[in-house]
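One structure below.
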Amino acid sequence: MTPTTRAELTRAVLAPPPEPVDESVRAGLRDQLVADVGPAVEHLPVGASLEISLPVLRRAGDRPDLLAGPEEAFVWKPLFVRRSLGLAVVRACLEGRYRSPGDAVEPVATDAVAEWHRTGWRTFHWEPWLSGLAEGARAVVLAEAVGWATALWAALDWSALPDDVQVGGPDDQWMCPAARTVRLRGRSDLRVRLSAGTPSSRGRAPAGSPTALLTVGGGLPGDRWPEELAYLALVGSLRSPTGAVPARVVGVWPEAGRHAVVDIDGAALTAAAGRVASTVSALVDARTLSPVPS
Amino acid sequence: MDVMERERIPGGLVPASPRAPSGVHTGPAIHRAPAPTTVPPPCAPQRRSVGAGPFPGGWQPLTGDALLERVRVTGRPRPPADPERAARLRRCIEDGMVPGDDDPPDPPPLHPGVDGSLPGRGHPLVVTKDRVTRVLACEAHHVAAEFGERTPTTALAVGALVDTLFRQLVTTGSIDDPMTDGLDGLSMDERQADLVAWIGRLPRTERDGVRAEVDRQAEELRNRWPRLDPVWLPRTQEVMRTRLVGGAVELSARVDLAVGRPEDDRSSVALIEVKSGTRRIEHRADLHFYALVATLRNPAPPFAVATYYTRTGELDVDPVTDELLAASARRTLAGIRRLRYLAAGAAAGRSPGAPCGPCAVLPGCAPGRRHTGAATVARGQAAIPTPAQRAR
């Protein structure tokens with residue numbers, strides 16, 4: 001991987017899609033996952049549940065010792081806000097409401113809190129927490145979001161992307177039919193519909209077009225980034241048996257200035273499914289072998 | 001063309017004329033006296049009176065657009081993107097890590113990802129500006145700082161608070177009550193929990209001293225620091241990382257401020273470090289380390305690196321050149337080699353010098369005591385951790 005230029009990354013996202021994955025591959029993977037995961041989670045207590053996400057996948061691969069530790073109670077931190085606020089900021093810039101993330105962050109955050117006050121509806125979930133922060137603490141949250149959003153905003157040539165690029169949006173989820181709840185969650189930061197043969201044309205791709213997913217990662221890419229990127233396509237394809245299988249996943253690591261691309265085929269999805277199965281096994285081992293806290 | 005160059009600075013200042021190629025400096029230490037080459041005493045807030053400038057008469061710090069202009073116009077052409085430049089720098093470091101005749105005996109094996117690096121085998125040797133500077137100054141000081149108990153100081157507290165306030169000012173454009181805002185901001189970072197608690201336990205007089213200095217520096221920041229157009233994409237605490245030797249070494253940096261939209265074909269970004277303490281010669285090397293990491297990470301190097309001293313308003317600006325980057329690569333290589341030997345269990349050498357004053361192991365370090373003229377010998381105090389202790 002070489003330093004990422006804006007032009008290269010944009011071309012990588014918009015390159016013509018590979019051959020679509022055959023439906024039988026998707027069905028076969030689903031069956032295989034059910035067969036692998038189902039028996040493994042039967043060792044867990046009744047009522048237990050597992051959630052697999054990209055961070056969990058990475059932890060199981062890099063630091064399996066951490067899986068055995070007690071789960072920390074959730075506490076809001078700037079780290080947990082920066083992506084969702086950052087995505088909202090990028091969206092606002094893309095809509096032409098603001099010139100840059102630095103311009104957008106304050107009004108976007110203020111509007112979100114005001115909307116929550118007005119309706120009680122939490123679009124981002126962090127509104128009450130942000131609302132209660134003192135000025136100095138709030139500034140840190142905004143600064144983190146500006147940094148995150150700027151990395152994404154500066155990484156791509158947005159004028160070359162189709163009009164209907166989706167910034168953020170709900171996570172892809174798939175519940176594995178098993179004796180215990182096993183949920184696969186995939187979080188993509190951009191979804192770009194691809195038009196075969198016109199990689200740089202602006203406009204809308206036809207409905208049902210293949211999609212490229214883009215995810216922004218922290219730190220440096222790990223050794224197993226191909227499986228990790230393909231995992232997002234796996235969840236995206238399992239989520240809806242009739243929707244198109246994502247054609248490509250692009251990973252961007254702003255801290256490292258690097259990007260990587262996985263064109264999705266049967267082999268990539270199979271590798272990702274294997275990683276899911278091994279992660280579930282590692283989690284089950286960690287939960288069943290770790291001593292019960294006194 | 002990047003926005004910092006294309007767009008007029010608010011206020012329409014005439015760009016400064018090209019200056020001497022060795023760098024741009026604003027501050028009396030360059031124009032009136034040589035920069036200190038030894039560690040000055042730690043920032044002592046209680047000795048500074050609010051509003052009293054350190055340089056009475058004559059020199060005045062730059063403010064607002066003039067300050068920004070000084071960073072923006074370096075007098076040097078901005079270097080174009082050149083993949084070969086980054087490859088050359090990378091080779092300089094990686095090839096230099098092959099053991100030579102003048103190396104200590106039994107050098108550690110160099111296998112990517114599995115050499116004897118910190119904190120355990122299989123993890124990369126993470127190299128930061130502080131580690132390079134410390135280990136090159138004195139290996140024992142580095143080991144003590146890395147593995148020993150860290151005691152906060154008022155200078156450290158002021159530095160952390162001012163860094164937080166600077167970030168707030170850049171992001172929101174305002175600071176309310178500096179001490180309150182600073183502590184609130186610092187409390188958001190788990191890594192600073194010990195420092196925040198330590199500040200909370202300070203006796204009233206010392207805490208008032210910290211508050212007075214933070215108030216003073218925040219006021220100077222408000223008065224001097226320019227408003228950055230958001231179109232220049234200012235971002236704070238930007239993390240940069242790059243791997244070398246197949247992942248065995250990771251260069252890591254966190255710069256206080258990056259300004260300028262990164263461009264594919266040429267330099268468009270300036271990196272700015274903020275310091276609340278006294279100007280020190282090592283800070284220049286820190287800047288050059290940032291430039292090196294950014295050059296290895298991005299398609300194009302930054303066009304300038306700068307240190308802004310919030311206490312005095314001094315500003316050091318270095319245009320980034322191939323010579324600067326090559327020198328930084330050589331220095332970084334020297335640091336990496338020493339860090340690797342220490343990580344492999346080598347005994348830490350002692351090099352009395354600038355770091356001795358605040359060094360935690362000074363009481364147990366005879367060369368350091370001789371250097372500083374310390375009169376008393378305190379055996380057994382703050383010993384340098386042994387290789388075995390470091391391994392634990």
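Ligands are numbered from 1 in the order shown, residues from 1 within each chain, and chains are lettered A, B, ... in the order they appear in the structure tokens.
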
From a DSSP pass on the backbone, collect the residues of stretch 27-229 of chain A flagged as alpha helix (DSSP H) and hand them back as a compact mmCIF listing (two decimals) with N, CA and C atoms, in the first residue's frame.
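File produced: out-v6.txt:
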```txt
# COMPACT_ATOMS: atom_id res chain seq x y z
N ALA A 27 -26.29 -18.11 -0.63
CA ALA A 27 -27.10 -19.08 0.11
C ALA A 27 -26.20 -20.11 0.81
N GLY A 28 -25.17 -20.52 0.10
CA GLY A 28 -24.25 -21.51 0.68
C GLY A 28 -23.53 -20.95 1.90
N LEU A 29 -23.13 -19.69 1.81
CA LEU A 29 -22.44 -19.08 2.95
C LEU A 29 -23.35 -18.96 4.16
N ARG A 30 -24.57 -18.61 3.89
CA ARG A 30 -25.53 -18.49 4.99
C ARG A 30 -25.67 -19.84 5.69
N ASP A 31 -25.86 -20.88 4.90
CA ASP A 31 -26.02 -22.22 5.48
C ASP A 31 -24.77 -22.62 6.26
N GLN A 32 -23.62 -22.29 5.69
CA GLN A 32 -22.37 -22.68 6.34
C GLN A 32 -22.21 -21.97 7.69
N LEU A 33 -22.55 -20.68 7.69
CA LEU A 33 -22.45 -19.92 8.95
C LEU A 33 -23.38 -20.49 10.01
N VAL A 34 -24.59 -20.80 9.59
CA VAL A 34 -25.55 -21.37 10.55
C VAL A 34 -25.00 -22.69 11.10
N ALA A 35 -24.41 -23.46 10.22
CA ALA A 35 -23.88 -24.76 10.64
C ALA A 35 -22.68 -24.60 11.57
N ASP A 36 -21.87 -23.58 11.34
CA ASP A 36 -20.67 -23.39 12.16
C ASP A 36 -20.99 -22.72 13.50
N VAL A 37 -21.82 -21.73 13.43
CA VAL A 37 -22.07 -20.89 14.61
C VAL A 37 -23.05 -21.57 15.57
N GLY A 38 -24.06 -22.20 15.01
CA GLY A 38 -25.12 -22.79 15.84
C GLY A 38 -24.59 -23.69 16.94
N PRO A 39 -23.83 -24.74 16.60
CA PRO A 39 -23.34 -25.64 17.66
C PRO A 39 -22.39 -24.95 18.62
N ALA A 40 -21.60 -24.00 18.11
CA ALA A 40 -20.62 -23.34 18.99
C ALA A 40 -21.30 -22.57 20.11
N VAL A 41 -22.37 -21.87 19.80
CA VAL A 41 -22.97 -21.01 20.82
C VAL A 41 -23.87 -21.78 21.78
N LEU A 54 -16.96 -5.28 13.42
CA LEU A 54 -15.59 -5.22 12.92
C LEU A 54 -14.58 -5.08 14.07
N PRO A 55 -14.85 -4.22 15.05
CA PRO A 55 -13.89 -4.15 16.18
C PRO A 55 -13.75 -5.48 16.92
N VAL A 56 -14.86 -6.20 17.08
CA VAL A 56 -14.78 -7.49 17.78
C VAL A 56 -13.97 -8.48 16.95
N LEU A 57 -14.21 -8.45 15.64
CA LEU A 57 -13.47 -9.33 14.74
C LEU A 57 -11.97 -9.07 14.87
N ARG A 58 -11.61 -7.79 14.91
CA ARG A 58 -10.18 -7.43 15.00
C ARG A 58 -9.60 -7.84 16.35
N ARG A 59 -10.39 -7.61 17.41
CA ARG A 59 -9.89 -7.94 18.74
C ARG A 59 -9.66 -9.44 18.86
N ALA A 60 -10.58 -10.21 18.31
CA ALA A 60 -10.44 -11.66 18.39
C ALA A 60 -9.20 -12.12 17.65
N GLY A 61 -8.85 -11.39 16.58
CA GLY A 61 -7.66 -11.78 15.82
C GLY A 61 -6.38 -11.29 16.44
N ASP A 62 -6.40 -10.05 16.94
CA ASP A 62 -5.16 -9.44 17.42
C ASP A 62 -4.93 -9.65 18.91
N PRO A 78 -15.81 11.14 23.72
CA PRO A 78 -15.70 11.80 22.41
C PRO A 78 -15.48 10.80 21.28
N LEU A 79 -14.75 9.73 21.59
CA LEU A 79 -14.45 8.71 20.59
C LEU A 79 -15.73 8.09 20.02
N PHE A 80 -16.75 7.97 20.87
CA PHE A 80 -17.99 7.34 20.44
C PHE A 80 -18.90 8.30 19.66
N VAL A 81 -18.60 9.56 19.74
CA VAL A 81 -19.45 10.56 19.08
C VAL A 81 -18.86 10.99 17.75
N ARG A 82 -17.55 10.91 17.65
CA ARG A 82 -16.90 11.58 16.52
C ARG A 82 -17.35 11.03 15.17
N ARG A 83 -17.62 9.71 15.11
CA ARG A 83 -18.01 9.17 13.81
C ARG A 83 -19.40 9.64 13.42
N SER A 84 -20.37 9.50 14.33
CA SER A 84 -21.73 9.85 13.94
C SER A 84 -21.88 11.35 13.72
N LEU A 85 -21.26 12.14 14.59
CA LEU A 85 -21.29 13.59 14.37
C LEU A 85 -20.48 13.95 13.12
N GLY A 86 -19.36 13.26 12.96
CA GLY A 86 -18.52 13.51 11.78
C GLY A 86 -19.26 13.20 10.49
N LEU A 87 -20.01 12.10 10.48
CA LEU A 87 -20.78 11.76 9.27
C LEU A 87 -21.86 12.80 9.01
N ALA A 88 -22.51 13.26 10.08
CA ALA A 88 -23.53 14.29 9.91
C ALA A 88 -22.91 15.57 9.35
N VAL A 89 -21.70 15.85 9.78
CA VAL A 89 -20.99 17.04 9.31
C VAL A 89 -20.64 16.89 7.82
N VAL A 90 -20.16 15.72 7.43
CA VAL A 90 -19.83 15.49 6.02
C VAL A 90 -21.09 15.59 5.17
N ARG A 91 -22.18 15.03 5.69
CA ARG A 91 -23.45 15.09 4.96
C ARG A 91 -23.87 16.55 4.75
N ALA A 92 -23.72 17.34 5.78
CA ALA A 92 -24.11 18.75 5.69
C ALA A 92 -23.24 19.49 4.67
N CYS A 93 -21.97 19.14 4.63
CA CYS A 93 -21.08 19.77 3.64
C CYS A 93 -21.45 19.32 2.23
N LEU A 94 -21.77 18.04 2.11
CA LEU A 94 -22.11 17.50 0.80
C LEU A 94 -23.40 18.11 0.26
N PRO A 101 -15.92 20.99 7.25
CA PRO A 101 -16.29 20.42 8.55
C PRO A 101 -16.18 21.41 9.69
N GLY A 102 -15.16 22.25 9.66
CA GLY A 102 -15.00 23.24 10.72
C GLY A 102 -16.17 24.21 10.79
N ASP A 103 -16.71 24.54 9.62
CA ASP A 103 -17.89 25.40 9.56
C ASP A 103 -19.13 24.70 10.10
N ALA A 104 -19.21 23.40 9.81
CA ALA A 104 -20.46 22.68 10.01
C ALA A 104 -20.65 22.15 11.43
N VAL A 105 -19.55 21.85 12.11
CA VAL A 105 -19.68 21.02 13.31
C VAL A 105 -20.53 21.68 14.40
N GLU A 106 -20.31 22.96 14.62
CA GLU A 106 -21.05 23.63 15.70
C GLU A 106 -22.55 23.67 15.41
N PRO A 107 -22.99 24.15 14.23
CA PRO A 107 -24.43 24.17 13.99
C PRO A 107 -25.06 22.79 13.90
N VAL A 108 -24.32 21.81 13.37
CA VAL A 108 -24.90 20.47 13.28
C VAL A 108 -25.13 19.90 14.67
N ALA A 109 -24.14 20.07 15.55
CA ALA A 109 -24.29 19.56 16.91
C ALA A 109 -25.40 20.32 17.65
N THR A 110 -25.41 21.63 17.48
CA THR A 110 -26.43 22.45 18.16
C THR A 110 -27.83 22.07 17.67
N ASP A 111 -27.97 21.90 16.37
CA ASP A 111 -29.28 21.52 15.82
C ASP A 111 -29.74 20.17 16.34
N ALA A 112 -28.79 19.24 16.45
CA ALA A 112 -29.16 17.90 16.93
C ALA A 112 -29.70 17.97 18.36
N VAL A 113 -29.00 18.75 19.19
CA VAL A 113 -29.45 18.87 20.58
C VAL A 113 -30.79 19.60 20.64
N ALA A 114 -30.92 20.64 19.82
CA ALA A 114 -32.18 21.40 19.83
C ALA A 114 -33.35 20.52 19.37
N GLU A 115 -33.09 19.69 18.40
CA GLU A 115 -34.14 18.79 17.90
C GLU A 115 -34.55 17.80 18.99
N TRP A 116 -33.56 17.33 19.71
CA TRP A 116 -33.88 16.41 20.81
C TRP A 116 -34.70 17.12 21.89
N HIS A 117 -34.31 18.34 22.20
CA HIS A 117 -35.07 19.11 23.19
C HIS A 117 -36.52 19.30 22.72
N ARG A 118 -36.66 19.54 21.43
CA ARG A 118 -37.98 19.88 20.89
C ARG A 118 -38.88 18.65 20.80
N THR A 119 -38.31 17.53 20.35
CA THR A 119 -39.15 16.37 20.05
C THR A 119 -38.95 15.21 21.01
N GLU A 127 -27.22 13.04 22.05
CA GLU A 127 -27.70 14.41 22.29
C GLU A 127 -27.81 14.77 23.77
N PRO A 128 -28.43 13.92 24.61
CA PRO A 128 -28.52 14.31 26.03
C PRO A 128 -27.15 14.46 26.68
N TRP A 129 -26.24 13.58 26.33
CA TRP A 129 -24.89 13.66 26.91
C TRP A 129 -24.20 14.94 26.47
N LEU A 130 -24.24 15.24 25.18
CA LEU A 130 -23.58 16.45 24.69
C LEU A 130 -24.22 17.69 25.29
N SER A 131 -25.52 17.62 25.43
CA SER A 131 -26.26 18.75 25.98
C SER A 131 -25.81 19.10 27.39
N GLU A 135 -18.54 23.74 28.48
CA GLU A 135 -17.99 24.26 27.22
C GLU A 135 -16.66 23.60 26.83
N GLY A 136 -15.79 23.45 27.81
CA GLY A 136 -14.48 22.88 27.50
C GLY A 136 -14.58 21.43 27.04
N ALA A 137 -15.44 20.66 27.69
CA ALA A 137 -15.61 19.26 27.32
C ALA A 137 -16.30 19.15 25.96
N ARG A 138 -17.27 20.00 25.74
CA ARG A 138 -17.99 19.99 24.46
C ARG A 138 -17.03 20.31 23.31
N ALA A 139 -16.10 21.23 23.56
CA ALA A 139 -15.15 21.60 22.51
C ALA A 139 -14.30 20.41 22.09
N VAL A 140 -13.96 19.55 23.05
CA VAL A 140 -13.17 18.36 22.71
C VAL A 140 -13.97 17.44 21.80
N VAL A 141 -15.26 17.27 22.11
CA VAL A 141 -16.11 16.41 21.28
C VAL A 141 -16.18 16.98 19.86
N LEU A 142 -16.39 18.28 19.76
CA LEU A 142 -16.48 18.90 18.43
C LEU A 142 -15.16 18.78 17.69
N ALA A 143 -14.06 18.98 18.40
CA ALA A 143 -12.75 18.90 17.76
C ALA A 143 -12.49 17.50 17.22
N GLU A 144 -12.86 16.49 17.99
CA GLU A 144 -12.68 15.11 17.53
C GLU A 144 -13.51 14.86 16.26
N ALA A 145 -14.72 15.38 16.27
CA ALA A 145 -15.60 15.17 15.11
C ALA A 145 -15.06 15.91 13.88
N VAL A 146 -14.53 17.10 14.09
CA VAL A 146 -13.94 17.85 12.97
C VAL A 146 -12.78 17.05 12.37
N GLY A 147 -11.94 16.50 13.24
CA GLY A 147 -10.80 15.72 12.75
C GLY A 147 -11.26 14.52 11.94
N TRP A 148 -12.25 13.81 12.47
CA TRP A 148 -12.74 12.61 11.78
C TRP A 148 -13.37 13.00 10.43
N ALA A 149 -14.21 14.02 10.47
CA ALA A 149 -14.91 14.43 9.25
C ALA A 149 -13.95 14.98 8.21
N THR A 150 -12.95 15.73 8.67
CA THR A 150 -12.01 16.31 7.73
C THR A 150 -11.22 15.23 7.00
N ALA A 151 -10.87 14.18 7.73
CA ALA A 151 -10.13 13.09 7.09
C ALA A 151 -10.94 12.50 5.94
N LEU A 152 -12.22 12.31 6.15
CA LEU A 152 -13.06 11.75 5.10
C LEU A 152 -13.34 12.78 4.01
N TRP A 153 -13.59 14.00 4.44
CA TRP A 153 -13.93 15.07 3.49
C TRP A 153 -12.77 15.33 2.52
N ALA A 154 -11.56 15.27 3.05
CA ALA A 154 -10.39 15.58 2.23
C ALA A 154 -9.89 14.37 1.44
N ALA A 155 -10.42 13.20 1.76
CA ALA A 155 -9.86 11.99 1.15
C ALA A 155 -10.40 11.72 -0.25
N TRP A 225 -6.58 -7.37 6.89
CA TRP A 225 -7.57 -6.40 6.42
C TRP A 225 -8.45 -6.93 5.28
N PRO A 226 -7.97 -7.82 4.39
CA PRO A 226 -8.90 -8.27 3.34
C PRO A 226 -10.16 -8.94 3.91
N GLU A 227 -9.96 -9.80 4.93
CA GLU A 227 -11.12 -10.48 5.53
C GLU A 227 -12.01 -9.47 6.26
N GLU A 228 -11.34 -8.50 6.89
CA GLU A 228 -12.11 -7.54 7.68
C GLU A 228 -12.97 -6.65 6.78
N LEU A 229 -12.40 -6.24 5.65
CA LEU A 229 -13.21 -5.45 4.73
C LEU A 229 -14.33 -6.30 4.13
```

Strand (DSSP E) residues, from DSSP on the backbone, in stretch 125-259 of chain B, as JSON, numbers by chain: {"B": [125, 126, 127, 235, 236, 237, 238, 239, 240, 241, 242, 243, 244, 249, 250, 251, 252, 253, 254, 255, 256, 257, 258, 259]}

Dump as a short mmCIF file (atom, residue, chain, number, x, y, z; two decimals), in the first residue's frame, selection limited to C-alpha atoms:
```cif
data_model
loop_
_atom_site.label_atom_id
_atom_site.label_comp_id
_atom_site.auth_asym_id
_atom_site.auth_seq_id
_atom_site.Cartn_x
_atom_site.Cartn_y
_atom_site.Cartn_z
CA LEU B 125 8.68 -0.64 18.19
CA VAL B 126 6.66 2.55 18.41
CA VAL B 127 8.89 5.55 17.82
CA ARG B 235 -7.75 20.04 12.47
CA THR B 236 -6.30 19.55 15.90
CA GLN B 237 -4.41 16.67 17.47
CA GLU B 238 -3.95 14.99 14.12
CA VAL B 239 -2.40 11.55 14.45
CA MET B 240 0.10 10.36 11.85
CA ARG B 241 1.58 6.88 11.70
CA THR B 242 3.73 4.97 9.30
CA ARG B 243 5.31 1.55 9.39
CA LEU B 244 8.86 0.69 8.53
CA VAL B 249 8.92 -0.17 13.54
CA GLU B 250 6.08 2.32 13.68
CA LEU B 251 6.72 6.05 13.56
CA SER B 252 3.93 7.84 15.38
CA ALA B 253 3.18 11.52 15.85
CA ARG B 254 0.32 13.65 17.08
CA VAL B 255 0.51 17.23 15.91
CA ASP B 256 -1.38 20.01 17.66
CA LEU B 257 -2.62 21.65 14.47
CA ALA B 258 -2.60 20.82 10.77
CA VAL B 259 -3.82 23.47 8.35
#
```

Give me, as a tab-separated table, each residue of chain B that comes within 7 Å of chain A, together with its shortest interatomic pair and the distance in Å at one decimal, counting only C-alpha atoms, with rows ordered by chain and rising residue number.
```
residue	atom	partner	partner_atom	distance
B:Gln168	CA	A:Ala139	CA	5.3
B:Thr171	CA	A:Ala143	CA	5.7
B:Thr172	CA	A:Ala139	CA	6.6
B:Asp181	CA	A:Gly136	CA	4.0
B:Gly182	CA	A:Gly136	CA	6.1
B:Asp184	CA	A:Ala137	CA	4.9
B:Gly185	CA	A:Ala137	CA	4.2
B:Met188	CA	A:Ala137	CA	6.2
B:Pro230	CA	A:Gly102	CA	5.0
B:Val231	CA	A:Ser100	CA	5.6
B:Leu233	CA	A:Gly102	CA	6.7
B:Arg235	CA	A:Gly147	CA	5.3
B:Thr236	CA	A:Gly147	CA	6.7
B:Val239	CA	A:Glu255	CA	5.5
B:Met240	CA	A:Glu255	CA	4.8
B:Arg241	CA	A:Ala256	CA	4.9
B:Thr242	CA	A:Ala256	CA	5.6
B:Arg261	CA	A:Ala154	CA	6.7
B:Pro262	CA	A:Ala154	CA	6.8
B:Asp264	CA	A:Thr5	CA	5.2
B:Arg297	CA	A:Gly257	CA	5.3
B:Asn298	CA	A:Pro3	CA	5.2
B:Pro299	CA	A:Pro3	CA	5.5
```

Mind dumping the selected residues with N, CA and C atoms as a compact mmCIF listing (two decimals), in the first residue's frame?
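Resulting contents of selection-v4.txt:
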```
# COMPACT_ATOMS: atom_id res chain seq x y z
N GLN B 168 -9.58 24.11 21.79
CA GLN B 168 -10.92 24.71 21.91
C GLN B 168 -11.01 26.00 21.09
N THR B 171 -11.25 25.26 17.43
CA THR B 171 -12.49 24.58 17.04
C THR B 171 -13.72 25.47 17.19
N THR B 172 -13.81 26.15 18.32
CA THR B 172 -15.04 26.91 18.59
C THR B 172 -14.84 28.42 18.51
N ASP B 181 -12.52 25.61 31.63
CA ASP B 181 -12.61 24.99 30.31
C ASP B 181 -11.50 23.97 30.11
N GLY B 182 -10.30 24.35 30.52
CA GLY B 182 -9.15 23.46 30.34
C GLY B 182 -9.33 22.16 31.09
N ASP B 184 -12.17 20.86 32.16
CA ASP B 184 -13.29 20.12 31.57
C ASP B 184 -12.84 19.39 30.31
N GLY B 185 -12.06 20.08 29.50
CA GLY B 185 -11.58 19.45 28.28
C GLY B 185 -10.62 18.32 28.56
N MET B 188 -11.94 14.88 29.51
CA MET B 188 -12.52 14.02 28.47
C MET B 188 -11.53 12.98 27.98
N PRO B 230 -12.22 28.16 8.10
CA PRO B 230 -12.51 26.71 8.09
C PRO B 230 -12.24 26.06 6.74
N VAL B 231 -12.23 26.86 5.68
CA VAL B 231 -11.96 26.28 4.36
C VAL B 231 -10.53 25.72 4.29
N LEU B 233 -9.38 23.84 6.37
CA LEU B 233 -9.50 22.56 7.05
C LEU B 233 -8.56 22.43 8.26
N ARG B 235 -7.37 21.18 11.61
CA ARG B 235 -7.75 20.04 12.47
C ARG B 235 -6.69 19.91 13.55
N THR B 236 -7.17 19.58 14.73
CA THR B 236 -6.30 19.55 15.90
C THR B 236 -5.97 18.13 16.29
N VAL B 239 -3.31 12.67 14.24
CA VAL B 239 -2.40 11.55 14.45
C VAL B 239 -1.84 11.10 13.10
N MET B 240 -0.55 10.86 13.07
CA MET B 240 0.10 10.36 11.85
C MET B 240 0.92 9.13 12.23
N ARG B 241 0.81 8.10 11.43
CA ARG B 241 1.58 6.88 11.70
C ARG B 241 2.11 6.34 10.39
N THR B 242 3.25 5.70 10.47
CA THR B 242 3.73 4.97 9.30
C THR B 242 4.59 3.82 9.77
N ARG B 261 -5.67 22.01 3.01
CA ARG B 261 -6.27 20.81 2.44
C ARG B 261 -5.16 19.97 1.81
N PRO B 262 -5.05 18.70 2.18
CA PRO B 262 -3.99 17.87 1.58
C PRO B 262 -4.20 17.74 0.07
N ASP B 264 -2.82 16.19 -3.79
CA ASP B 264 -2.15 15.01 -4.34
C ASP B 264 -0.78 15.35 -4.91
N ARG B 297 3.89 9.44 5.17
CA ARG B 297 2.47 9.06 5.21
C ARG B 297 1.70 9.60 4.02
N ASN B 298 2.00 10.79 3.58
CA ASN B 298 1.17 11.48 2.58
C ASN B 298 1.84 11.50 1.22
N PRO B 299 1.05 11.79 0.19
CA PRO B 299 1.67 11.92 -1.14
C PRO B 299 2.68 13.06 -1.19
```

Go ahead and compute the interatomic distance for atom CA of A:Glu19 and atom CA of A:Arg248, in Å to one decimal. 10.6 Å

Would you compute the distance between atom CA of A:Pro20 and atom CA of A:Gln173? Give it in Å to one decimal. 21.1 Å

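Minimum distance to A:Glu23 across A:Pro64, A:Pro45, A:Gly132, A:Pro241 (counting only C-alpha atoms) occurs at A:Pro241.
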
Which residues are close to stretch 183-193 of chain A, i.e. within 7 Å by only C-alpha atoms, leaving aside same-chain residues fewer than 3 positions away? Reply as a PyMOL selection string. chain A and resi 50-54+165-168+171-176+205+209-216+232+235

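Across the model, the gap from atom CA of A:His259 to atom CA of B:Leu325 is 24.3 Å.
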
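In this comparison, which uses only C-alpha atoms, the residue of B:Arg370, B:Arg227, B:Arg204, B:His123 approaching B:Leu169 most closely is B:Arg227.
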